[in-house]
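Notes to accompany the following structure.
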Amino acid sequence: MCGKTEAGKLMQENERISRRRFIASSALGSAVGLTVPSLLKADGDSTLSDPWQMRLSTSSIHYLHLPIEQACQSIADLGFSAIDIWSAHAGCPHLDDVANRLGTDGLKQLLKKTGLRLCSFSVYRGGYARYAKLLGDVGGGVAVRGSSGPCKPSQTVARMREFLESLKPEIELAEKNDSYLAIENHGNALLDSLDSFKAFVDLNKSARLGIALAPYHLQALDASIEEAISICGRQLFYFYAWQRADGVKQLPGHGPTDFGPWIAKLAETRYGGYVNPFMHGDIDTNAMSKALAKSRAYLMQCRENERKSR
């Protein structure tokens with residue numbers, strides 16, 4: 001085992017990408033030639049010797065019992081560069097508290113104070129539309145949500161086409177609010193198997209729509225995470241660093257999974273979003289901080305090992 005989005009800066013970075021790299025990257029896993037949204041491009045310059053930068057975020061739900069201010073500070077103190085703010089799944093108060101109490105200016109001030117960027121809003125409860133304007137007003141970002149109910153394998157393409165059609169109102173909202181939708185794969189859902197990933201990528205025509213890849217659920221199917229990353233290609237908007245195990249062992253560096261090959265594949269495909277260590281479960285705040293610190297160090301070591309292997 002291995003161990004502030006500035007529009008002008010991002011535009012300049014995008015202009016530095018050669019046509020050759022554009023063609024090569026957009027061919028990865030995308031029949032429609034979608035590219036990673038400029039919002040998701042890595043900070044700073046890429047070089048021939050280090051063409052990919054791993055950015056780390058984590059989720060506010062890990063600090064379920066803390067106010068959003070303390071959750072942000074805890075995440076910043078651990079060295080993460082961004083936060084994923086959760087709506088009311090498992091009673092998480094953070095996103096609704098931001099919407100009802102802090103508002104746009106308050107969230108901007110909190111992020112500035114803690115030095116965090118906004119990775120995403122996770123809107124499994126409440127839905128994207130409820131938070132779309134807030135996300136846009138803060139500067140735009142990714143909204144993570146689920147897909148729909150499961151179907152027979154023979155129905156996957158037809159059902160996926162129907163699902164993508166149903167997302168048009170949310171895609172229009174994303175356009176209006178300069179944001180992106182990332183659909184998470186889940187067990188017993190439409191987006192679950194590698195074949196469903198392929199159907200999604202082939203049928204998706206919107207640059208505002210992509211996939212939030214949760215290895216935890218794919219591991220239940222014995223599916224290859226590296227293959228899933230390749231299938232998603234430039235439509236991968238969000239990556240849960242999350243393994244199938246119990247308790248804290250869901251986190252990178254704690255359970256049995258070697259994340260090294262996953263990180264290497266993300267680097268190879270020039271993944272443009274955040275790598276987000278994640279677990280479900282309610283543990284003591286201090287224990288969570290220690291566990292996340294170990295996960296962050298482990299992922300950084302995975303990345304360093306990947307560099308050395310080139």
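Ordering of the structure tokens sets the chain letters (A, B, ...), residue numbers begin anew at 1 in every chain, and ligands are numbered from 1 in the order given.
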Can you check which residues of segment 38-251 of chain A DSSP gives as helix (DSSP H, G or I) on the backbone and send them as an MDAnalysis selection string?
chainID A and resid 38:40 60:63 68:77 89:91 94:114 128:138 153:166 168:176 194:203 215:219 225:235 247:250
Residues of segment 29-231 of chain A in strand (DSSP E or B) according to DSSP, as a PDB file with C-alpha atoms, in the first residue's frame?
```pdb
ATOM      1  CA  ARG A  55      -6.293  18.522  -4.778  1.00  0.00           C
ATOM      2  CA  LEU A  56      -7.832  17.265  -1.544  1.00  0.00           C
ATOM      3  CA  SER A  57     -11.171  18.137  -0.017  1.00  0.00           C
ATOM      4  CA  THR A  58     -13.346  16.459   2.572  1.00  0.00           C
ATOM      5  CA  SER A  59     -16.975  16.583   3.616  1.00  0.00           C
ATOM      6  CA  ALA A  82     -11.565  22.612   0.031  1.00  0.00           C
ATOM      7  CA  ILE A  83     -14.835  21.543   1.639  1.00  0.00           C
ATOM      8  CA  ASP A  84     -17.857  19.576   0.452  1.00  0.00           C
ATOM      9  CA  ILE A  85     -20.889  20.959   2.342  1.00  0.00           C
ATOM     10  CA  TRP A  86     -23.718  18.511   3.022  1.00  0.00           C
ATOM     11  CA  ARG A 117     -12.301  26.719  -1.385  1.00  0.00           C
ATOM     12  CA  LEU A 118     -15.750  25.344  -2.060  1.00  0.00           C
ATOM     13  CA  CYS A 119     -15.482  21.867  -3.548  1.00  0.00           C
ATOM     14  CA  SER A 120     -19.189  21.080  -3.730  1.00  0.00           C
ATOM     15  CA  PHE A 121     -22.641  20.968  -2.224  1.00  0.00           C
ATOM     16  CA  SER A 122     -23.901  17.416  -1.563  1.00  0.00           C
ATOM     17  CA  VAL A 142     -20.435  21.101  -8.190  1.00  0.00           C
ATOM     18  CA  ALA A 143     -23.717  19.769  -6.811  1.00  0.00           C
ATOM     19  CA  VAL A 144     -23.577  16.042  -6.031  1.00  0.00           C
ATOM     20  CA  ARG A 145     -26.793  13.991  -6.179  1.00  0.00           C
ATOM     21  CA  TYR A 180     -22.212  21.557 -12.502  1.00  0.00           C
ATOM     22  CA  LEU A 181     -24.142  18.414 -11.600  1.00  0.00           C
ATOM     23  CA  ALA A 182     -22.307  15.243 -10.565  1.00  0.00           C
ATOM     24  CA  ILE A 183     -24.407  12.073 -10.400  1.00  0.00           C
ATOM     25  CA  GLU A 184     -23.178   9.502  -7.873  1.00  0.00           C
ATOM     26  CA  LEU A 209     -23.303  17.094 -16.249  1.00  0.00           C
ATOM     27  CA  GLY A 210     -20.903  14.427 -15.071  1.00  0.00           C
ATOM     28  CA  ILE A 211     -20.293  11.602 -12.616  1.00  0.00           C
ATOM     29  CA  ALA A 212     -19.402  11.472  -8.928  1.00  0.00           C
ATOM     30  CA  LEU A 213     -17.530   8.188  -8.628  1.00  0.00           C
TER      31      LEU A 213
END
```
Excluding same-chain residues fewer than 4 positions from Ser289 of chain A, what lies within 8 Å of it counting only C-alpha atoms, as a list in words?
Ser74, Leu78, Thr285 and Ala293 of chain A
For the selection you just gave me, I'd like the residues written to a file as a PDB file, in the first residue's frame, keeping N, CA and C atoms.
```pdb
ATOM      1  N   SER A  74     -11.927  22.989  11.293  1.00  0.00           N
ATOM      2  CA  SER A  74     -11.318  21.676  11.522  1.00  0.00           C
ATOM      3  C   SER A  74     -10.730  21.113  10.237  1.00  0.00           C
ATOM      4  N   LEU A  78      -6.542  20.641   9.161  1.00  0.00           N
ATOM      5  CA  LEU A  78      -5.946  19.372   8.737  1.00  0.00           C
ATOM      6  C   LEU A  78      -5.159  19.491   7.437  1.00  0.00           C
ATOM      7  N   THR A 285     -15.348  13.540  17.392  1.00  0.00           N
ATOM      8  CA  THR A 285     -14.724  14.582  16.573  1.00  0.00           C
ATOM      9  C   THR A 285     -13.207  14.469  16.542  1.00  0.00           C
ATOM     10  N   ALA A 293      -6.558  13.034   9.113  1.00  0.00           N
ATOM     11  CA  ALA A 293      -5.155  13.429   8.974  1.00  0.00           C
ATOM     12  C   ALA A 293      -4.337  12.269   8.409  1.00  0.00           C
TER      13      ALA A 293
END
```
Considering only C-alpha atoms, return as a PyMOL selection string whatever protein or nucleic-acid residues lie within 12 Å of Lys249 of chain A, sequence-local ones (same chain, fewer than 5 positions apart) excluded.
chain A and resi 216+241-244+254-257+277-281+288+291-292+294-295
Can you spit out the residues from that selection as a PDB file, in the first residue's frame, using N, CA and C atoms?
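As a result, part.pdb now contains:
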```pdb
ATOM      1  N   TYR A 216     -16.697   2.765  -3.193  1.00  0.00           N
ATOM      2  CA  TYR A 216     -17.338   1.922  -2.187  1.00  0.00           C
ATOM      3  C   TYR A 216     -18.423   1.050  -2.813  1.00  0.00           C
ATOM      4  N   ALA A 241     -12.763   9.312  -2.292  1.00  0.00           N
ATOM      5  CA  ALA A 241     -11.702   8.408  -1.855  1.00  0.00           C
ATOM      6  C   ALA A 241     -12.292   7.579  -0.710  1.00  0.00           C
ATOM      7  N   TRP A 242     -12.929   6.470  -1.076  1.00  0.00           N
ATOM      8  CA  TRP A 242     -13.830   5.759  -0.171  1.00  0.00           C
ATOM      9  C   TRP A 242     -13.827   4.284  -0.528  1.00  0.00           C
ATOM     10  N   GLN A 243     -13.494   3.440   0.435  1.00  0.00           N
ATOM     11  CA  GLN A 243     -13.414   2.004   0.172  1.00  0.00           C
ATOM     12  C   GLN A 243     -14.500   1.253   0.939  1.00  0.00           C
ATOM     13  N   ARG A 244     -14.802   0.064   0.439  1.00  0.00           N
ATOM     14  CA  ARG A 244     -15.853  -0.743   1.056  1.00  0.00           C
ATOM     15  C   ARG A 244     -15.286  -1.471   2.272  1.00  0.00           C
ATOM     16  N   HIS A 254      -6.685   3.394   5.948  1.00  0.00           N
ATOM     17  CA  HIS A 254      -7.157   2.677   7.129  1.00  0.00           C
ATOM     18  C   HIS A 254      -7.606   1.253   6.803  1.00  0.00           C
ATOM     19  N   GLY A 255      -8.325   1.078   5.709  1.00  0.00           N
ATOM     20  CA  GLY A 255      -8.812  -0.237   5.310  1.00  0.00           C
ATOM     21  C   GLY A 255      -7.826  -0.964   4.419  1.00  0.00           C
ATOM     22  N   PRO A 256      -8.268  -2.060   3.794  1.00  0.00           N
ATOM     23  CA  PRO A 256      -7.353  -2.934   3.047  1.00  0.00           C
ATOM     24  C   PRO A 256      -7.003  -2.468   1.645  1.00  0.00           C
ATOM     25  N   THR A 257      -7.753  -1.510   1.081  1.00  0.00           N
ATOM     26  CA  THR A 257      -7.559  -1.157  -0.328  1.00  0.00           C
ATOM     27  C   THR A 257      -6.308  -0.319  -0.544  1.00  0.00           C
ATOM     28  N   PRO A 277     -11.576  12.278   0.560  1.00  0.00           N
ATOM     29  CA  PRO A 277     -11.667  11.177   1.525  1.00  0.00           C
ATOM     30  C   PRO A 277     -13.027  11.195   2.216  1.00  0.00           C
ATOM     31  N   PHE A 278     -13.643   9.999   2.335  1.00  0.00           N
ATOM     32  CA  PHE A 278     -15.025   9.968   2.796  1.00  0.00           C
ATOM     33  C   PHE A 278     -15.334   8.678   3.546  1.00  0.00           C
ATOM     34  N   MET A 279     -16.251   8.804   4.504  1.00  0.00           N
ATOM     35  CA  MET A 279     -16.813   7.633   5.175  1.00  0.00           C
ATOM     36  C   MET A 279     -18.207   7.986   5.675  1.00  0.00           C
ATOM     37  N   HIS A 280     -19.046   6.979   5.810  1.00  0.00           N
ATOM     38  CA  HIS A 280     -20.308   7.127   6.522  1.00  0.00           C
ATOM     39  C   HIS A 280     -20.093   6.627   7.945  1.00  0.00           C
ATOM     40  N   GLY A 281     -20.712   7.315   8.905  1.00  0.00           N
ATOM     41  CA  GLY A 281     -20.589   6.903  10.293  1.00  0.00           C
ATOM     42  C   GLY A 281     -20.339   8.096  11.188  1.00  0.00           C
ATOM     43  N   MET A 288     -12.202  11.532  14.489  1.00  0.00           N
ATOM     44  CA  MET A 288     -12.381  11.816  13.067  1.00  0.00           C
ATOM     45  C   MET A 288     -11.223  12.642  12.531  1.00  0.00           C
ATOM     46  N   ALA A 291      -8.237  10.481  12.101  1.00  0.00           N
ATOM     47  CA  ALA A 291      -8.415   9.550  10.978  1.00  0.00           C
ATOM     48  C   ALA A 291      -8.247  10.262   9.644  1.00  0.00           C
ATOM     49  N   LEU A 292      -8.814  11.460   9.521  1.00  0.00           N
ATOM     50  CA  LEU A 292      -8.693  12.216   8.280  1.00  0.00           C
ATOM     51  C   LEU A 292      -7.259  12.686   8.045  1.00  0.00           C
ATOM     52  N   LYS A 294      -4.603  11.066   8.905  1.00  0.00           N
ATOM     53  CA  LYS A 294      -3.901   9.879   8.401  1.00  0.00           C
ATOM     54  C   LYS A 294      -4.254   9.646   6.934  1.00  0.00           C
ATOM     55  N   SER A 295      -5.523   9.830   6.581  1.00  0.00           N
ATOM     56  CA  SER A 295      -5.947   9.627   5.193  1.00  0.00           C
ATOM     57  C   SER A 295      -5.277  10.627   4.262  1.00  0.00           C
TER      58      SER A 295
END
```
Counting only C-alpha atoms, what is within 10 Å of Gly91 of chain A, bar same-chain residues fewer than 6 positions away, as an MDAnalysis selection string?
chainID A and resid 61 64:65 125
Can you tell me, as a ChimeraX atom specification, what residues are no more than 6 Å from segment 103-113 of chain A when counting only C-alpha atoms, ignoring any on the same chain fewer than 4 positions away?
/A:98-99,138
File of the preceding selection, C-alpha atoms, as a PDB file, in the first residue's frame:
```
ATOM      1  CA  VAL A  98     -25.560  28.258   5.438  1.00  0.00           C
ATOM      2  CA  ALA A  99     -28.654  28.946   3.332  1.00  0.00           C
ATOM      3  CA  VAL A 138     -20.960  31.862  -4.003  1.00  0.00           C
TER       4      VAL A 138
END
```
For Tyr271 of chain A, list every protein, DNA or RNA residue within 8 Å, evaluated using only C-alpha atoms, and leave out those in the same chain fewer than 2 positions away; present the list as a PyMOL selection string.
chain A and resi 36+52+233-234+236-237+266-269+273
With C-alpha atoms kept, could you save the residues just selected as a PDB file, in the first residue's frame?
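See selection30.pdb below for the written result:
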```pdb
ATOM      1  CA  VAL A  36     -13.490  19.008 -17.619  1.00  0.00           C
ATOM      2  CA  TRP A  52      -1.400  16.659 -12.757  1.00  0.00           C
ATOM      3  CA  GLY A 233     -12.805  10.243 -18.579  1.00  0.00           C
ATOM      4  CA  ARG A 234     -13.487  13.967 -18.824  1.00  0.00           C
ATOM      5  CA  LEU A 236     -15.604  12.596 -13.991  1.00  0.00           C
ATOM      6  CA  PHE A 237     -16.466  15.638 -11.862  1.00  0.00           C
ATOM      7  CA  LEU A 266      -6.660   9.843 -11.909  1.00  0.00           C
ATOM      8  CA  ALA A 267      -3.284  11.348 -12.772  1.00  0.00           C
ATOM      9  CA  GLU A 268      -3.195   9.551 -16.127  1.00  0.00           C
ATOM     10  CA  THR A 269      -6.644  10.850 -17.094  1.00  0.00           C
ATOM     11  CA  GLY A 273     -11.734  17.842  -9.577  1.00  0.00           C
TER      12      GLY A 273
END
```
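Between atom CA of Gly253 of chain A and atom CA of Lys290 of chain A the separation is 11.9 Å.
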Between atom CA of Pro51 of chain A and atom CA of Tyr240 of chain A, distance in Å (one decimal)
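For atom CA of Pro51 of chain A relative to atom CA of Tyr240 of chain A, the distance reads 21.5 Å.
Separating atom CA of Arg303 of chain A from atom CA of Ile229 of chain A is a distance of 16.3 Å.
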